[in-house]
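Asker: Quick one, data19.cif (mmCIF, C-alpha atoms; chains and numbers go by the auth columns):
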data_protein
loop_
_atom_site.group_PDB
_atom_site.id
_atom_site.type_symbol
_atom_site.label_atom_id
_atom_site.label_comp_id
_atom_site.label_asym_id
_atom_site.label_seq_id
_atom_site.Cartn_x
_atom_site.Cartn_y
_atom_site.Cartn_z
_atom_site.B_iso_or_equiv
_atom_site.auth_seq_id
_atom_site.auth_asym_id
ATOM 1 C CA MET A 1 -9.981 -63.589 -20.554 0.00 1225 V
ATOM 2 C CA ALA A 2 -11.430 -60.583 -22.230 0.00 1226 V
ATOM 3 C CA HIS A 3 -13.733 -60.019 -19.253 0.00 1227 V
ATOM 4 C CA ALA A 4 -10.859 -60.308 -16.787 0.00 1228 V
ATOM 5 C CA SER A 5 -8.802 -57.915 -18.849 0.00 1229 V
ATOM 6 C CA SER A 6 -11.672 -55.450 -18.921 0.00 1230 V
ATOM 7 C CA SER A 7 -12.093 -55.700 -15.141 0.00 1231 V
ATOM 8 C CA ALA A 8 -8.406 -55.108 -14.552 0.00 1232 V
ATOM 9 C CA SER A 9 -8.501 -52.190 -16.931 0.00 1233 V
ATOM 10 C CA ALA A 10 -11.552 -50.820 -15.159 0.00 1234 V
ATOM 11 C CA ARG A 11 -9.816 -51.174 -11.795 0.00 1235 V
ATOM 12 C CA ARG A 12 -6.816 -49.299 -13.159 0.00 1236 V
ATOM 13 C CA ARG A 13 -9.073 -46.555 -14.525 0.00 1237 V
ATOM 14 C CA HIS A 14 -10.985 -46.310 -11.266 0.00 1238 V
ATOM 15 C CA GLY A 15 -7.745 -46.258 -9.335 0.00 1239 V
ATOM 16 C CA THR A 16 -6.445 -43.444 -11.508 0.00 1240 V
ATOM 17 C CA LYS A 17 -9.647 -41.488 -11.033 0.00 1241 V
ATOM 18 C CA ALA A 18 -9.525 -42.073 -7.298 0.00 1242 V
ATOM 19 C CA SER A 19 -5.921 -40.901 -7.152 0.00 1243 V
ATOM 20 C CA LYS A 20 -6.750 -37.766 -9.116 0.00 1244 V
ATOM 21 C CA ALA A 21 -9.788 -37.124 -6.955 0.00 1245 V
ATOM 22 C CA THR A 22 -7.681 -37.498 -3.818 0.00 1246 V
ATOM 23 C CA GLU A 23 -4.990 -35.238 -5.251 0.00 1247 V
ATOM 24 C CA SER A 24 -7.584 -32.642 -6.223 0.00 1248 V
ATOM 25 C CA THR A 25 -9.172 -32.790 -2.773 0.00 1249 V
ATOM 26 C CA ASN A 26 -5.815 -32.450 -1.062 0.00 1250 V
ATOM 27 C CA THR A 27 -4.946 -29.488 -3.241 0.00 1251 V
ATOM 28 C CA THR A 28 -8.294 -27.831 -2.619 0.00 1252 V
ATOM 29 C CA ASN A 29 -8.132 -28.383 1.124 0.00 1253 V
ATOM 30 C CA ALA A 30 -4.534 -27.211 1.463 0.00 1254 V
ATOM 31 C CA PRO A 31 -4.582 -24.167 3.742 0.00 1255 V
ATOM 32 C CA SER A 32 -3.463 -20.925 2.110 0.00 1256 V
ATOM 33 C CA ARG A 33 -1.102 -18.652 3.994 0.00 1257 V
ATOM 34 C CA ARG A 34 -2.861 -15.629 5.425 0.00 1258 V
ATOM 35 C CA ARG A 35 -1.069 -12.401 4.649 0.00 1259 V
ATOM 36 C CA SER A 36 -0.488 -9.907 7.417 0.00 1260 V
ATOM 37 C CA SER A 37 -2.046 -6.429 7.335 0.00 1261 V
ATOM 38 C CA ALA A 38 -1.440 -3.224 9.281 0.00 1262 V
ATOM 39 C CA TYR A 39 -4.142 -4.380 11.695 0.00 1263 V
ATOM 40 C CA ASP A 40 -2.034 -7.383 12.740 0.00 1264 V
ATOM 41 C CA ALA A 41 0.563 -7.416 15.502 0.00 1265 V
ATOM 42 C CA ASP A 42 3.196 -9.088 13.300 0.00 1266 V
ATOM 43 C CA PHE A 43 2.984 -6.549 10.452 0.00 1267 V
ATOM 44 C CA GLU A 44 5.899 -4.413 11.651 0.00 1268 V
ATOM 45 C CA ARG A 45 8.040 -7.521 12.052 0.00 1269 V
ATOM 46 C CA HIS A 46 7.481 -8.381 8.387 0.00 1270 V
ATOM 47 C CA MET A 47 8.434 -4.817 7.441 0.00 1271 V
ATOM 48 C CA ILE A 48 11.591 -4.925 9.553 0.00 1272 V
ATOM 49 C CA ASP A 49 12.537 -8.335 8.131 0.00 1273 V
ATOM 50 C CA ASN A 50 12.544 -6.660 4.709 0.00 1274 V
ATOM 51 C CA ASN A 51 14.599 -3.632 5.823 0.00 1275 V
ATOM 52 C CA ILE A 52 11.621 -1.273 6.110 0.00 1276 V
ATOM 53 C CA TYR A 53 11.921 0.410 9.482 0.00 1277 V
ATOM 54 C CA PRO A 54 9.276 2.304 11.463 0.00 1278 V
ATOM 55 C CA GLU A 55 10.112 5.643 13.059 0.00 1279 V
ATOM 56 C CA GLY A 56 12.505 5.195 15.968 0.00 1280 V
ATOM 57 C CA TYR A 57 13.685 1.745 14.932 0.00 1281 V
ATOM 58 C CA GLY A 58 17.059 0.860 13.506 0.00 1282 V
ATOM 59 C CA PRO A 59 20.782 1.166 14.173 0.00 1283 V
ATOM 60 C CA ARG A 60 21.876 3.968 16.479 0.00 1284 V
ATOM 61 C CA ASP A 61 24.552 6.495 15.604 0.00 1285 V
ATOM 62 C CA ALA A 62 27.414 7.609 17.862 0.00 1286 V
ATOM 63 C CA SER A 63 25.020 9.738 19.911 0.00 1287 V
ATOM 64 C CA GLY A 64 22.724 6.774 20.498 0.00 1288 V
ATOM 65 C CA LEU A 65 19.966 8.186 18.288 0.00 1289 V
ATOM 66 C CA THR A 66 18.328 6.801 15.170 0.00 1290 V
ATOM 67 C CA PRO A 67 20.120 8.335 12.133 0.00 1291 V
ATOM 68 C CA GLU A 68 18.190 10.967 10.188 0.00 1292 V
ATOM 69 C CA SER A 69 17.814 10.903 6.412 0.00 1293 V
ATOM 70 C CA GLU A 70 20.634 12.515 4.452 0.00 1294 V
ATOM 71 C CA ASN A 71 18.401 15.320 3.158 0.00 1295 V
ATOM 72 C CA ILE A 72 16.735 16.139 6.490 0.00 1296 V
ATOM 73 C CA ASP A 73 18.028 19.744 6.498 0.00 1297 V
ATOM 74 C CA GLU A 74 16.641 20.365 3.018 0.00 1298 V
ATOM 75 C CA THR A 75 13.313 18.868 4.073 0.00 1299 V
ATOM 76 C CA ARG A 76 13.087 21.144 7.115 0.00 1300 V
ATOM 77 C CA VAL A 77 13.767 24.210 4.988 0.00 1301 V
ATOM 78 C CA GLU A 78 10.955 23.204 2.633 0.00 1302 V
ATOM 79 C CA LEU A 79 8.557 22.712 5.546 0.00 1303 V
ATOM 80 C CA LEU A 80 9.338 26.177 6.922 0.00 1304 V
ATOM 81 C CA ALA A 81 8.454 27.900 3.651 0.00 1305 V
ATOM 82 C CA PRO A 82 5.246 29.992 3.912 0.00 1306 V
ATOM 83 C CA ARG A 83 2.225 28.590 2.101 0.00 1307 V
ATOM 84 C CA ALA A 84 -0.069 31.016 0.347 0.00 1308 V
ATOM 85 C CA SER A 85 -2.945 28.579 0.764 0.00 1309 V
ATOM 86 C CA LEU A 86 -2.724 29.028 4.548 0.00 1310 V
ATOM 87 C CA SER A 87 -2.520 32.815 4.571 0.00 1311 V
ATOM 88 C CA PRO A 88 -5.242 34.521 6.677 0.00 1312 V
ATOM 89 C CA SER A 89 -6.793 35.995 3.554 0.00 1313 V
ATOM 90 C CA ARG A 90 -7.353 32.534 2.052 0.00 1314 V
ATOM 91 C CA PHE A 91 -7.715 30.400 5.165 0.00 1315 V
ATOM 92 C CA PRO A 92 -9.124 32.536 7.983 0.00 1316 V
ATOM 93 C CA GLU A 93 -9.612 31.487 11.600 0.00 1317 V
ATOM 94 C CA SER A 94 -13.222 30.529 10.887 0.00 1318 V
ATOM 95 C CA ALA A 95 -12.061 28.078 8.198 0.00 1319 V
ATOM 96 C CA PHE A 96 -9.567 26.532 10.607 0.00 1320 V
ATOM 97 C CA ARG A 97 -12.259 26.075 13.249 0.00 1321 V
ATOM 98 C CA ASP A 98 -14.513 24.458 10.653 0.00 1322 V
ATOM 99 C CA PHE A 99 -11.636 22.156 9.690 0.00 1323 V
ATOM 100 C CA LYS A 100 -11.222 21.059 13.311 0.00 1324 V
ATOM 101 C CA ARG A 101 -14.952 20.378 13.546 0.00 1325 V
ATOM 102 C CA LYS A 102 -14.874 18.217 10.415 0.00 1326 V
ATOM 103 C CA ASN A 103 -11.822 16.376 11.700 0.00 1327 V
ATOM 104 C CA TYR A 104 -13.798 15.189 14.718 0.00 1328 V
ATOM 105 C CA ALA A 105 -15.575 12.406 12.843 0.00 1329 V
ATOM 106 C CA ILE A 106 -16.777 8.979 13.883 0.00 1330 V
ATOM 107 C CA ALA A 107 -16.320 7.218 10.533 0.00 1331 V
ATOM 108 C CA GLU A 108 -13.113 7.059 8.504 0.00 1332 V
ATOM 109 C CA SER A 109 -15.130 7.563 5.318 0.00 1333 V
ATOM 110 C CA THR A 110 -16.322 10.918 6.685 0.00 1334 V
ATOM 111 C CA VAL A 111 -12.726 12.013 7.249 0.00 1335 V
ATOM 112 C CA LYS A 112 -11.845 11.066 3.680 0.00 1336 V
ATOM 113 C CA ARG A 113 -14.853 12.920 2.311 0.00 1337 V
ATOM 114 C CA ASN A 114 -14.615 16.122 4.364 0.00 1338 V
ATOM 115 C CA VAL A 115 -11.072 16.508 5.693 0.00 1339 V
ATOM 116 C CA ILE A 116 -8.694 15.282 2.983 0.00 1340 V
ATOM 117 C CA PRO A 117 -10.032 17.763 0.370 0.00 1341 V
ATOM 118 C CA VAL A 118 -9.179 20.624 2.753 0.00 1342 V
ATOM 119 C CA ILE A 119 -5.610 19.330 3.085 0.00 1343 V
ATOM 120 C CA THR A 120 -5.071 18.702 -0.626 0.00 1344 V
ATOM 121 C CA GLY A 121 -6.680 21.972 -1.717 0.00 1345 V
ATOM 122 C CA ASN A 122 -7.212 22.839 -5.361 0.00 1346 V
ATOM 123 C CA SER A 123 -3.951 21.420 -6.666 0.00 1347 V
ATOM 124 C CA ASN A 124 -3.999 20.176 -10.252 0.00 1348 V
ATOM 125 C CA ILE A 125 -1.736 17.236 -9.367 0.00 1349 V
ATOM 126 C CA SER A 126 -3.371 13.937 -10.327 0.00 1350 V
ATOM 127 C CA ASN A 127 -4.428 11.859 -7.348 0.00 1351 V
ATOM 128 C CA GLU A 128 -6.326 8.708 -6.439 0.00 1352 V
ATOM 129 C CA GLY A 129 -7.423 6.824 -3.344 0.00 1353 V
ATOM 130 C CA ASP A 130 -8.730 3.484 -2.082 0.00 1354 V
ATOM 131 C CA LEU A 131 -7.133 1.771 -5.069 0.00 1355 V
ATOM 132 C CA PRO A 132 -5.746 -1.714 -4.295 0.00 1356 V
ATOM 133 C CA PHE A 133 -2.190 -2.051 -5.621 0.00 1357 V
ATOM 134 C CA THR A 134 -2.844 -5.481 -7.107 0.00 1358 V
ATOM 135 C CA ASN A 135 -0.225 -5.216 -9.853 0.00 1359 V
ATOM 136 C CA MET A 136 2.706 -4.154 -7.715 0.00 1360 V
ATOM 137 C CA LYS A 137 5.288 -6.654 -6.545 0.00 1361 V
ATOM 138 C CA SER A 138 5.200 -7.338 -2.822 0.00 1362 V
ATOM 139 C CA ILE A 139 7.771 -5.394 -0.854 0.00 1363 V
ATOM 140 C CA ALA A 140 7.692 -7.953 1.960 0.00 1364 V
ATOM 141 C CA THR A 141 8.119 -11.274 0.108 0.00 1365 V
ATOM 142 C CA ASP A 142 4.340 -11.820 -0.099 0.00 1366 V
ATOM 143 C CA ALA A 143 4.047 -11.925 3.692 0.00 1367 V
ATOM 144 C CA THR A 144 1.783 -8.865 3.754 0.00 1368 V
ATOM 145 C CA VAL A 145 -1.278 -7.667 1.873 0.00 1369 V
ATOM 146 C CA LYS A 146 -0.941 -5.188 -0.982 0.00 1370 V
ATOM 147 C CA PRO A 147 -1.282 -1.492 -0.049 0.00 1371 V
ATOM 148 C CA VAL A 148 -4.620 0.320 -0.448 0.00 1372 V
ATOM 149 C CA PRO A 149 -3.763 3.978 0.307 0.00 1373 V
ATOM 150 C CA ASP A 150 -6.504 6.398 1.297 0.00 1374 V
ATOM 151 C CA PHE A 151 -4.911 9.053 -0.914 0.00 1375 V
ATOM 152 C CA PHE A 152 -1.861 9.380 -3.147 0.00 1376 V
ATOM 153 C CA ASP A 153 -0.511 11.535 -5.960 0.00 1377 V
ATOM 154 C CA TRP A 154 0.584 9.931 -9.206 0.00 1378 V
ATOM 155 C CA ALA A 155 1.943 10.569 -12.681 0.00 1379 V
ATOM 156 C CA GLN A 156 0.162 10.210 -16.001 0.00 1380 V
ATOM 157 C CA PRO A 157 1.079 7.012 -17.913 0.00 1381 V
ATOM 158 C CA GLY A 158 2.184 9.129 -20.867 0.00 1382 V
ATOM 159 C CA ASP A 159 4.785 10.838 -18.688 0.00 1383 V
ATOM 160 C CA VAL A 160 6.894 7.658 -18.680 0.00 1384 V
ATOM 161 C CA ASP A 161 8.269 5.966 -21.800 0.00 1385 V
ATOM 162 C CA SER A 162 6.292 2.858 -22.794 0.00 1386 V
ATOM 163 C CA ARG A 163 9.414 0.663 -22.658 0.00 1387 V
ATOM 164 C CA VAL A 164 10.092 1.789 -19.104 0.00 1388 V
ATOM 165 C CA ARG A 165 6.470 1.151 -18.141 0.00 1389 V
ATOM 166 C CA GLU A 166 6.735 -2.374 -19.520 0.00 1390 V
ATOM 167 C CA ASP A 167 10.079 -3.165 -17.884 0.00 1391 V
ATOM 168 C CA LEU A 168 9.125 -1.726 -14.482 0.00 1392 V
ATOM 169 C CA SER A 169 5.426 -2.577 -14.522 0.00 1393 V
ATOM 170 C CA GLU A 170 5.342 -4.376 -11.160 0.00 1394 V
ATOM 171 C CA LEU A 171 7.323 -1.590 -9.506 0.00 1395 V
ATOM 172 C CA ILE A 172 5.575 1.553 -10.769 0.00 1396 V
ATOM 173 C CA ILE A 173 2.061 0.614 -11.973 0.00 1397 V
ATOM 174 C CA PRO A 174 -0.431 -0.135 -9.163 0.00 1398 V
ATOM 175 C CA THR A 175 -3.100 -1.965 -11.203 0.00 1399 V
ATOM 176 C CA LYS A 176 -3.628 -3.491 -14.646 0.00 1400 V
ATOM 177 C CA HIS A 177 -6.429 -1.052 -15.452 0.00 1401 V
ATOM 178 C CA PRO A 178 -5.673 0.547 -18.857 0.00 1402 V
ATOM 179 C CA THR A 179 -5.835 4.081 -17.452 0.00 1403 V
ATOM 180 C CA ALA A 180 -4.195 3.223 -14.133 0.00 1404 V
ATOM 181 C CA PRO A 181 -2.013 5.883 -12.516 0.00 1405 V
ATOM 182 C CA ILE A 182 1.707 5.205 -12.344 0.00 1406 V
ATOM 183 C CA VAL A 183 4.561 6.005 -9.956 0.00 1407 V
ATOM 184 C CA PRO A 184 2.328 6.566 -6.904 0.00 1408 V
ATOM 185 C CA ASN A 185 3.806 8.957 -4.340 0.00 1409 V
ATOM 186 C CA PHE A 186 2.857 11.316 -1.481 0.00 1410 V
ATOM 187 C CA TYR A 187 0.779 8.834 0.468 0.00 1411 V
ATOM 188 C CA LEU A 188 -1.806 9.872 3.025 0.00 1412 V
ATOM 189 C CA GLU A 189 -3.667 7.633 5.459 0.00 1413 V
ATOM 190 C CA ALA A 190 -6.737 8.850 7.336 0.00 1414 V
ATOM 191 C CA LYS A 191 -8.368 7.683 10.543 0.00 1415 V
ATOM 192 C CA SER A 192 -11.386 8.855 12.502 0.00 1416 V
ATOM 193 C CA THR A 193 -11.279 9.756 16.192 0.00 1417 V
ATOM 194 C CA SER A 194 -11.982 6.114 16.990 0.00 1418 V
ATOM 195 C CA GLY A 195 -9.446 4.797 14.479 0.00 1419 V
ATOM 196 C CA GLY A 196 -6.109 3.364 15.528 0.00 1420 V
ATOM 197 C CA VAL A 197 -3.159 5.715 15.153 0.00 1421 V
ATOM 198 C CA ASP A 198 -0.833 2.707 15.270 0.00 1422 V
ATOM 199 C CA VAL A 199 -2.648 1.179 12.288 0.00 1423 V
ATOM 200 C CA ALA A 200 -2.379 4.430 10.330 0.00 1424 V
ATOM 201 C CA MET A 201 1.358 4.599 11.062 0.00 1425 V
ATOM 202 C CA ARG A 202 1.892 1.062 9.780 0.00 1426 V
ATOM 203 C CA GLN A 203 -0.206 1.723 6.681 0.00 1427 V
ATOM 204 C CA ALA A 204 1.773 4.892 5.974 0.00 1428 V
ATOM 205 C CA LEU A 205 5.050 3.013 6.493 0.00 1429 V
ATOM 206 C CA HIS A 206 3.981 0.410 3.939 0.00 1430 V
ATOM 207 C CA GLY A 207 2.801 2.960 1.389 0.00 1431 V
ATOM 208 C CA ARG A 208 5.903 5.136 1.709 0.00 1432 V
ATOM 209 C CA ALA A 209 8.158 2.138 1.153 0.00 1433 V
ATOM 210 C CA VAL A 210 6.289 1.120 -2.004 0.00 1434 V
ATOM 211 C CA GLY A 211 6.319 4.711 -3.263 0.00 1435 V
ATOM 212 C CA ALA A 212 10.035 5.161 -2.562 0.00 1436 V
ATOM 213 C CA ARG A 213 10.791 1.922 -4.396 0.00 1437 V
ATOM 214 C CA ALA A 214 8.786 3.132 -7.400 0.00 1438 V
ATOM 215 C CA MET A 215 10.638 6.448 -7.587 0.00 1439 V
ATOM 216 C CA HIS A 216 14.085 4.921 -7.056 0.00 1440 V
ATOM 217 C CA SER A 217 13.432 2.309 -9.746 0.00 1441 V
ATOM 218 C CA LEU A 218 13.145 4.995 -12.438 0.00 1442 V
#
Could I get this structure in the form of structure tokens?

Answerer:
Amino acid sequence: MAHASSSASARRRHGTKASKATESTNTTNAPSRRRSSAYDADFERHMIDNNIYPEGYGPRDASGLTPESENIDETRVELLAPRASLSPSRFPESAFRDFKRKNYAIAESTVKRNVIPVITGNSNISNEGDLPFTNMKSIATDATVKPVPDFFDWAQPGDVDSRVREDLSELIIPTKHPTAPIVPNFYLEAKSTSGGVDVAMRQALHGRAVGARAMHSL
């Protein structure tokens, strides 16, 4: 009797182990959903599904055109303002020709190294680049990868109250690094001559949406 009881108990234990092993195997082998990136054809669809529209897309106004932003006139005035950094005394024709030469690069990394510094100049605004936004909440219901901008400006953590940083962490803080920049804005994406302009446009669309959400959340 004792032997039979032990055998039954052993069978139950083995059965339990087998069930757990099967469950573990099934869990391990379960396919994970691949997230879309700007290199994928369905990326824009995921953006549109979450009300993030590429240039030229969206509802038409009475004239049949895509509506402009409400502050478009103010933006145009700002763009027309002269920039001292581009005056002939500071950026002569020879510098512009050198800039064009540098811009004709085969590798994207070369563009980042040689061209972006010319565009950004000597500004004392804090900036970063190639930093995966692993802490930020997905803007497309986890259907897309997190942004990794080539360049962006940001604010110092001390510029925002600690309670606000805690409450809005997943909206304004890109990573969990203790000295991570916050409220990323002014995104820039770079591509070489062989890079895809369409990919850059989708990357910029993604970054701008995340940046706008961060600023509007404050």

Asker: Go through the shown structure with the PyMOL selection byres ((chain V and resi 1279) around 10) and write out the matching residues as a tab-separated table (two decimals) with C-alpha atoms, keeping the file's coordinate frame.

Answerer:
chain	number	residue	atom	x	y	z
V	1276	ILE	CA	11.62	-1.27	6.11
V	1277	TYR	CA	11.92	0.41	9.48
V	1278	PRO	CA	9.28	2.30	11.46
V	1280	GLY	CA	12.50	5.20	15.97
V	1281	TYR	CA	13.68	1.74	14.93
V	1282	GLY	CA	17.06	0.86	13.51
V	1290	THR	CA	18.33	6.80	15.17
V	1425	MET	CA	1.36	4.60	11.06
V	1426	ARG	CA	1.89	1.06	9.78
V	1429	LEU	CA	5.05	3.01	6.49

Asker: Quote the spacing between atom CA of V:Val1384 and atom CA of V:Ile1406 in Å to one decimal place.

Answerer: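 Going from atom CA of V:Val1384 over to atom CA of V:Ile1406 covers 8.5 Å.
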
Asker: Evaluate the PyMOL selection byres ((chain V and resi 1432) around 10) and record the selected residues as a PyMOL selection string, following the chain and residue labels used in the document.

Answerer: chain V and resi 1276+1371+1373+1408-1412+1426-1431+1433-1438

Asker: Any idea what the distance is between atom CA of V:Lys1336 and atom CA of V:Leu1303?

Answerer: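 Going from atom CA of V:Lys1336 over to atom CA of V:Leu1303 covers 23.6 Å.
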
Asker: Apply the PyMOL selection byres ((chain V and resi 1341-1356) around 9) to the displayed file and report the matching residues as a list in words.

Answerer: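 Applying the PyMOL selection byres ((chain V and resi 1341-1356) around 9) to the structure shown produces Ser1309, Phe1323, Lys1336, Arg1337, Asn1338, Val1339, Ile1340, Phe1357, Thr1358, Asn1359, Lys1370, Pro1371, Val1372, Pro1373, Asp1374, Phe1375, Phe1376, Asp1377, Trp1378, Ala1379, Gln1380, Pro1398, Thr1399, Pro1405 and Pro1408 of chain V.
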
Asker: Separation of atom CA of V:Ser1261 and atom CA of V:Ser1333, in Å?

Answerer: 19.3 Å

Asker: Taking all atoms of stretch 1387-1398 of chain V that the file lists and extending 5 Å past them on each side, where is the centre of the axis-aligned box and how long are its edges? Answer in Å to one decimal, as JSON.

Answerer:
{"center_x": 4.8, "center_y": -1.3, "center_z": -15.9, "size_x": 20.5, "size_y": 16.2, "size_z": 23.5}

Asker: Just checking: using all atoms listed in the file, which residue out of V:His1401, V:Glu1332, V:Arg1259, V:Ile1272 ends up closest to V:Ala1424?

Answerer: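 Checking each of V:His1401, V:Glu1332, V:Arg1259, V:Ile1272 against V:Ala1424, counting all atoms listed in the file, the winner is V:Glu1332.
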
Asker: Could you model N, CA and C atoms for stretch 1360-1378 of chain V and present them as an mmCIF file, keeping the file's coordinate frame?

Answerer:
data_model
loop_
_atom_site.group_PDB
_atom_site.id
_atom_site.type_symbol
_atom_site.label_atom_id
_atom_site.label_comp_id
_atom_site.auth_asym_id
_atom_site.auth_seq_id
_atom_site.Cartn_x
_atom_site.Cartn_y
_atom_site.Cartn_z
ATOM 1 N N MET V 1360 1.359 -4.437 -8.192
ATOM 2 C CA MET V 1360 2.706 -4.154 -7.715
ATOM 3 C C MET V 1360 3.301 -5.338 -6.955
ATOM 4 N N LYS V 1361 4.562 -5.573 -7.203
ATOM 5 C CA LYS V 1361 5.288 -6.654 -6.545
ATOM 6 C C LYS V 1361 5.352 -6.408 -5.047
ATOM 7 N N SER V 1362 5.163 -7.468 -4.275
ATOM 8 C CA SER V 1362 5.200 -7.338 -2.822
ATOM 9 C C SER V 1362 6.554 -6.812 -2.370
ATOM 10 N N ILE V 1363 6.524 -5.940 -1.387
ATOM 11 C CA ILE V 1363 7.771 -5.394 -0.854
ATOM 12 C C ILE V 1363 8.210 -6.175 0.379
ATOM 13 N N ALA V 1364 7.388 -7.154 0.765
ATOM 14 C CA ALA V 1364 7.692 -7.953 1.960
ATOM 15 C C ALA V 1364 7.568 -9.441 1.658
ATOM 16 N N THR V 1365 8.092 -9.860 0.521
ATOM 17 C CA THR V 1365 8.119 -11.274 0.108
ATOM 18 C C THR V 1365 6.773 -11.966 0.281
ATOM 19 N N ASP V 1366 5.704 -11.280 -0.126
ATOM 20 C CA ASP V 1366 4.340 -11.820 -0.099
ATOM 21 C C ASP V 1366 3.845 -12.171 1.302
ATOM 22 N N ALA V 1367 4.493 -11.648 2.324
ATOM 23 C CA ALA V 1367 4.047 -11.925 3.692
ATOM 24 C C ALA V 1367 2.948 -10.968 4.127
ATOM 25 N N THR V 1368 2.780 -9.868 3.391
ATOM 26 C CA THR V 1368 1.783 -8.865 3.754
ATOM 27 C C THR V 1368 0.823 -8.623 2.593
ATOM 28 N N VAL V 1369 -0.306 -8.021 2.905
ATOM 29 C CA VAL V 1369 -1.278 -7.667 1.873
ATOM 30 C C VAL V 1369 -0.730 -6.526 1.025
ATOM 31 N N LYS V 1370 -1.341 -6.304 -0.133
ATOM 32 C CA LYS V 1370 -0.941 -5.188 -0.982
ATOM 33 C C LYS V 1370 -1.498 -3.881 -0.392
ATOM 34 N N PRO V 1371 -0.802 -2.768 -0.590
ATOM 35 C CA PRO V 1371 -1.282 -1.492 -0.049
ATOM 36 C C PRO V 1371 -2.589 -1.041 -0.712
ATOM 37 N N VAL V 1372 -3.405 -0.324 0.068
ATOM 38 C CA VAL V 1372 -4.620 0.320 -0.448
ATOM 39 C C VAL V 1372 -4.660 1.721 0.173
ATOM 40 N N PRO V 1373 -3.860 2.655 -0.325
ATOM 41 C CA PRO V 1373 -3.763 3.978 0.307
ATOM 42 C C PRO V 1373 -5.081 4.747 0.252
ATOM 43 N N ASP V 1374 -5.319 5.546 1.287
ATOM 44 C CA ASP V 1374 -6.504 6.398 1.297
ATOM 45 C C ASP V 1374 -6.376 7.519 0.269
ATOM 46 N N PHE V 1375 -5.149 7.962 0.032
ATOM 47 C CA PHE V 1375 -4.911 9.053 -0.914
ATOM 48 C C PHE V 1375 -3.464 8.986 -1.374
ATOM 49 N N PHE V 1376 -3.230 9.276 -2.655
ATOM 50 C CA PHE V 1376 -1.861 9.380 -3.147
ATOM 51 C C PHE V 1376 -1.841 10.168 -4.453
ATOM 52 N N ASP V 1377 -0.738 10.862 -4.682
ATOM 53 C CA ASP V 1377 -0.511 11.535 -5.960
ATOM 54 C C ASP V 1377 0.105 10.534 -6.930
ATOM 55 N N TRP V 1378 0.024 10.844 -8.215
ATOM 56 C CA TRP V 1378 0.584 9.931 -9.206
ATOM 57 C C TRP V 1378 0.893 10.677 -10.495
#
